[in-house]
Amino acid sequence: MVSKDQNSTTWSLDLFFKGGFKNITQEQIILLIAAVFFVFFAFAVKGFATFGNITIMMRNISVLGIFSIGMGTVVIAKGIDLSEVAVGAMSAAWVLQLATDGMNLGYAILLGVALALFLGGLNGYLIAFIEIPALFATLASGIYVFGFVRYFLLNNQENHFLPKADSAFLFVGQGKIIGIPTPIVIFAAVALLAHLFLRLTRHGRFFYAMGDNEDAARMTGISIRPMKIFQYSLCSLIGYLAALVMMGTTGSINVRIVSSTLIFDVVLVVVLGGISLIGGRGSVFSVIAGVLLVGIILNGMTLLHYTLPTQDLIKGIILLGAILLDTFLHPRDEETARQGDI
Amino acid sequence: MKAFRGNPSIFSSARPEERRAGLEVKDLTLKFGGITALSKIDIAVSTGELVAVIGPNGAGKTSLLNCITGYYKPQEGQIFFNGDEVTGLSTHHLTRKGIGRTYQNIELFPGMTVLSNMLLARHVHCRYNVGKAALFMKSVQDEEVRHRRILEELIDFLEMQSLRNQLVGSLPYGMRKRVELGRALALEPKLLVLDEPFAGMTLEEKEDMVRFLMELNEAWNQTMILVEHDMSIVMSISKRVAVFDFGVKIAEGSPDFVQNHPQVIKAYLGDTSKIE
């Protein structure tokens with residue numbers, strides 16, 4: 001179960017990289033590029049390489065990181081969840097609505113968990129039992145979740161604020177645990193748990209198996225359909241947690257986040273780090289590598305006063321580059337092509 | 001027959017009732033829209049038998065296997081396994097009941113090693129929970145060691161010692177077929193369902209595969225049902241052969257009986273009476 005296999009992608013072009021570079025993995029390449037950018041910004045931007053800025057940077061990428069771990073678990077099993085941000089953010093917004101209406105925040109958060117699990121389970125049901133491709137099912141659910149929750153549960157409001165009485169919750173986003181900002185601690189905890197789950201439990205191995213070859217997984221005795229419902233519920237739950245951290249940071253949720261490019265940043269991080277869209281590859285380290293690179297670049301560009309369109313352009317190019325690297329490292333040969341697309 | 005490649009404990013220490021595999025297919029009809037793939041098929045396999053299903057392309061052989069392994073849900077008829085009705089059960093349930101399978105177009109995990117591929121099949125038998133596994137506790141370690149030992153015995157049996165840590169995606173076709181058989185065996189199947197186990201193999205690879213299947217069947221009393229196109233192999237290894245044509249079973253009996261059956265000759269060669 002802890003045997004080493006191609007969970008970390010092996011660089012296949014031996015011709016070009018002999019010796020030490022032979023087994024370099026995608027996450028190692030990404031970490032290397034992140035280090036290069038870090039050194040570049042450290043020299044080019046005043047105030048970049050300070051402890052304060054690095055802490056801010058880490059805190060900012062924590063939410064993205066938590067979202068990406070949720071997405072990563074689904075992509076490893078050859079799915080994708082484009083509704084993760086919608087499910088997470090709308091469930092969190094509902095929590096604020098319930099708290100504003102006078103409910104105890106603790107109960108509201110539990111109800112939020114139930115809503116996120118229900119919506120994630122519904123995604124899984126559509127994908128596993130109705131057999132709608134994950135891409136379309138979650139694209140649609142992202143839209144109907146936004147509409148449904150906003151219209152029926154949120155009184156059609158856009159902005160939702162944490163009631164003054166519950167300001168203790170801000171600890172989740174603004175507090176510190178032994179000097180480390182809470183979001184970073186939560187991100188680290190989620191990453192560790194996800195790592196232990198994927199590496200050491202058989203259910204984690206089943207995720208890889210399903211991503212690698214679904215038919216083989218079925219014949220190996222894995223109950224594919226319930227597992228899919230589990231995967232999408234887990235992803236939604238992690239997305240909800242990320243949204244709670246986001247809510248703790250600002251004390252509010254604007255439901256417009258659902259139609260922002262956040263979900264694409266999440267996909268960017270996942271693919272960039274080496275969790276291949278063809279499934280069965282990558283690990284939590286891929287997410288960490290991806291999120292570090294994206295975090296460093298976004299922070300550096302902001303400090304360099306790049307405008308948002310310029311930042312989007314650069315992000316877009318990086319995403320394209322990541323997908324090119326993915327195609328390059330995992331060529332769609334007869335072996336992978338047979339397994340189809342997501 | 002004497003077993004001569006190790007002594008896999010999943011076979012040698014299993015009690016006879018654990019290897020019991022009675023399959024009974026009754027009146028099975030499978031339709032895809034207006035096309036009848038299988039029509040009122042009756043076939044039975046008893047413990048220790050090696051039954052072959054043959055027939056021209058499109059005869060419904062693989063469809064039958066897909067019904068037995070839960071991929072297709074037949075419209076009519078029943079399938080019984082060890083006395084229990086299993087018609088329409090999903091694949092993973094059937095796997096747990098003891099039906100293991102290999103595919104015509106190998107279905108393995110190409111991104112994993114041979115060992116990881118086989119280990120996944122063992123994980124169906126695991127009893128520990130997620131929490132214990134995440135902490136990698138002693139009981140989990142012991143269980144993992146036990147499964148690994150069983151796999152090593154199977155690897156010896158299938159002569160794959162040198163392939164253990166190779167990625168399946170990098171293995172030649174014939175070897176992958178062997179790994180697939182290994183994975184099916186790791187499930188401890190009572191009934192082994194083989195879909196064209198010899199397709200695309202070299203002569204040498206076929207000889208190896210025949211050795212494995214013969215030893216499994218004769219020394220370890222492994223019940224098997226196989227679909228195959230290579231007539232020389234089918235006629236030499238199977239005790240009973242069922243012949244399908246256009247979704248209908250046209251003959252069933254010993255290899256000799258089937259070979260001389262007029263309907264079988266007609267199905268394979270066309271109507272020979274007109275030639276004379």
# chains A, B, ... in the order shown; residues from 1 in each chain; ligands from 1
$ select_by_dssp --residues "region 110-208 of chain B" --states "alpha helix (DSSP H)" --output "VMD selection string"
chain B and resid 114 to 123 130 to 135 138 to 157 173 to 186 203 to 208
$ residues_around --residues "Ala243 (chain A)" --least-positions-apart "6" --cutoff "7 Å" --atoms "only C-alpha atoms" --output "PDB file with N, CA and C atoms, in the first residue's frame"
ATOM      1  N   GLY A  88     -19.266  25.379  -1.881  1.00  0.00           N
ATOM      2  CA  GLY A  88     -18.629  25.844  -0.648  1.00  0.00           C
ATOM      3  C   GLY A  88     -19.118  27.226  -0.257  1.00  0.00           C
ATOM      4  N   ALA A  89     -19.046  28.149  -1.206  1.00  0.00           N
ATOM      5  CA  ALA A  89     -19.374  29.544  -0.886  1.00  0.00           C
ATOM      6  C   ALA A  89     -20.860  29.718  -0.582  1.00  0.00           C
ATOM      7  N   ALA A  92     -21.589  28.402   2.839  1.00  0.00           N
ATOM      8  CA  ALA A  92     -21.077  29.326   3.858  1.00  0.00           C
ATOM      9  C   ALA A  92     -21.970  30.565   3.952  1.00  0.00           C
TER      10      ALA A  92
END
$ select_by_dssp --residues "region 8-111 of chain B" --states "strand (DSSP E)" --output "PyMOL selection string"
chain B and resi 23-32+35-45+50-54+76-81+84-85+99-102
$ interface_residues --of "chain A" --to "chain B" --cutoff "6 Å" --atoms "only C-alpha atoms" --output "list in words"
Asp5, Gln6, Leu196, Phe197, Leu200, Thr201, Asp212, Asn213, Ala216, Thr220, Gly221, Ile222 and Ser223 of chain A
$ write_last_selection --atoms "N, CA and C atoms" --output "compact mmCIF listing (two decimals), in the first residue's frame"
# COMPACT_ATOMS: atom_id res chain seq x y z
N ASP A 5 4.81 4.13 -6.70
CA ASP A 5 4.54 3.98 -8.12
C ASP A 5 4.30 5.35 -8.70
N GLN A 6 3.58 5.35 -9.80
CA GLN A 6 3.56 6.58 -10.56
C GLN A 6 2.57 7.59 -10.02
N LEU A 196 -2.39 11.54 4.32
CA LEU A 196 -2.50 10.25 5.02
C LEU A 196 -3.60 9.40 4.40
N PHE A 197 -4.71 10.06 4.08
CA PHE A 197 -5.83 9.33 3.49
C PHE A 197 -5.44 8.72 2.14
N LEU A 200 -2.16 6.12 2.68
CA LEU A 200 -2.14 4.98 3.60
C LEU A 200 -3.45 4.21 3.72
N THR A 201 -4.53 4.77 3.27
CA THR A 201 -5.77 3.99 3.42
C THR A 201 -6.12 3.34 2.09
N ASP A 212 -7.05 5.60 -12.67
CA ASP A 212 -6.18 4.92 -13.62
C ASP A 212 -7.00 4.11 -14.63
N ASN A 213 -7.93 3.33 -14.15
CA ASN A 213 -8.75 2.51 -15.06
C ASN A 213 -10.01 2.07 -14.33
N ALA A 216 -11.11 -1.70 -14.66
CA ALA A 216 -10.26 -2.58 -13.85
C ALA A 216 -10.61 -2.42 -12.38
N THR A 220 -11.88 -5.21 -9.78
CA THR A 220 -11.06 -5.50 -8.61
C THR A 220 -11.93 -5.52 -7.36
N GLY A 221 -13.20 -5.20 -7.54
CA GLY A 221 -14.11 -5.28 -6.41
C GLY A 221 -14.42 -3.96 -5.76
N ILE A 222 -13.99 -2.86 -6.39
CA ILE A 222 -14.27 -1.54 -5.82
C ILE A 222 -15.68 -1.13 -6.23
N SER A 223 -16.46 -0.67 -5.25
CA SER A 223 -17.82 -0.24 -5.59
C SER A 223 -17.74 1.18 -6.12
$ closest_residue --among "B:Trp220, B:Met231, B:Lys239, B:Ser9" --to "Arg146 (chain B)" --atoms "only C-alpha atoms"
B:Ser9
$ residues_around --residues "region 175-178 of chain B" --least-positions-apart "3" --cutoff "8 Å" --atoms "only C-alpha atoms" --output "short mmCIF file (atom, residue, chain, number, x, y, z; two decimals) with C-alpha atoms, in the first residue's frame"
data_model
loop_
_atom_site.label_atom_id
_atom_site.label_comp_id
_atom_site.auth_asym_id
_atom_site.auth_seq_id
_atom_site.Cartn_x
_atom_site.Cartn_y
_atom_site.Cartn_z
CA ILE B 106 -6.62 -6.07 -20.74
CA LEU B 108 -5.17 -2.99 -15.61
CA LEU B 158 2.88 -17.03 -12.25
CA VAL B 168 2.34 -2.26 -15.94
CA LEU B 171 5.18 -4.37 -19.96
CA PRO B 172 4.64 -6.23 -23.22
CA LEU B 181 -4.62 -13.21 -14.38
CA GLY B 182 -2.60 -12.52 -11.24
CA PRO B 197 -6.90 -15.20 -22.32
CA MET B 209 -0.64 -19.43 -20.03
#
$ closest_residue --among "B:Ile43, B:Ala219, B:Ser232, B:Arg20" --to "Lys61 (chain B)" --atoms "only C-alpha atoms"
B:Ile43
$ closest_residue --among "A:Gly147, A:Gly290, A:Gly120, A:Gly70" --to "Val190 (chain A)" --atoms "only C-alpha atoms"
A:Gly70
$ residues_around --residues "region 181-184 of chain A" --least-positions-apart "5" --cutoff "8 Å" --atoms "only C-alpha atoms" --output "ChimeraX atom specification"
/A:55,58-59,62-63,171-176,245
$ atom_distance --atom1 "CA of Gly47 (chain A)" --atom2 "CA of Ala35 (chain A)"
16.9 Å
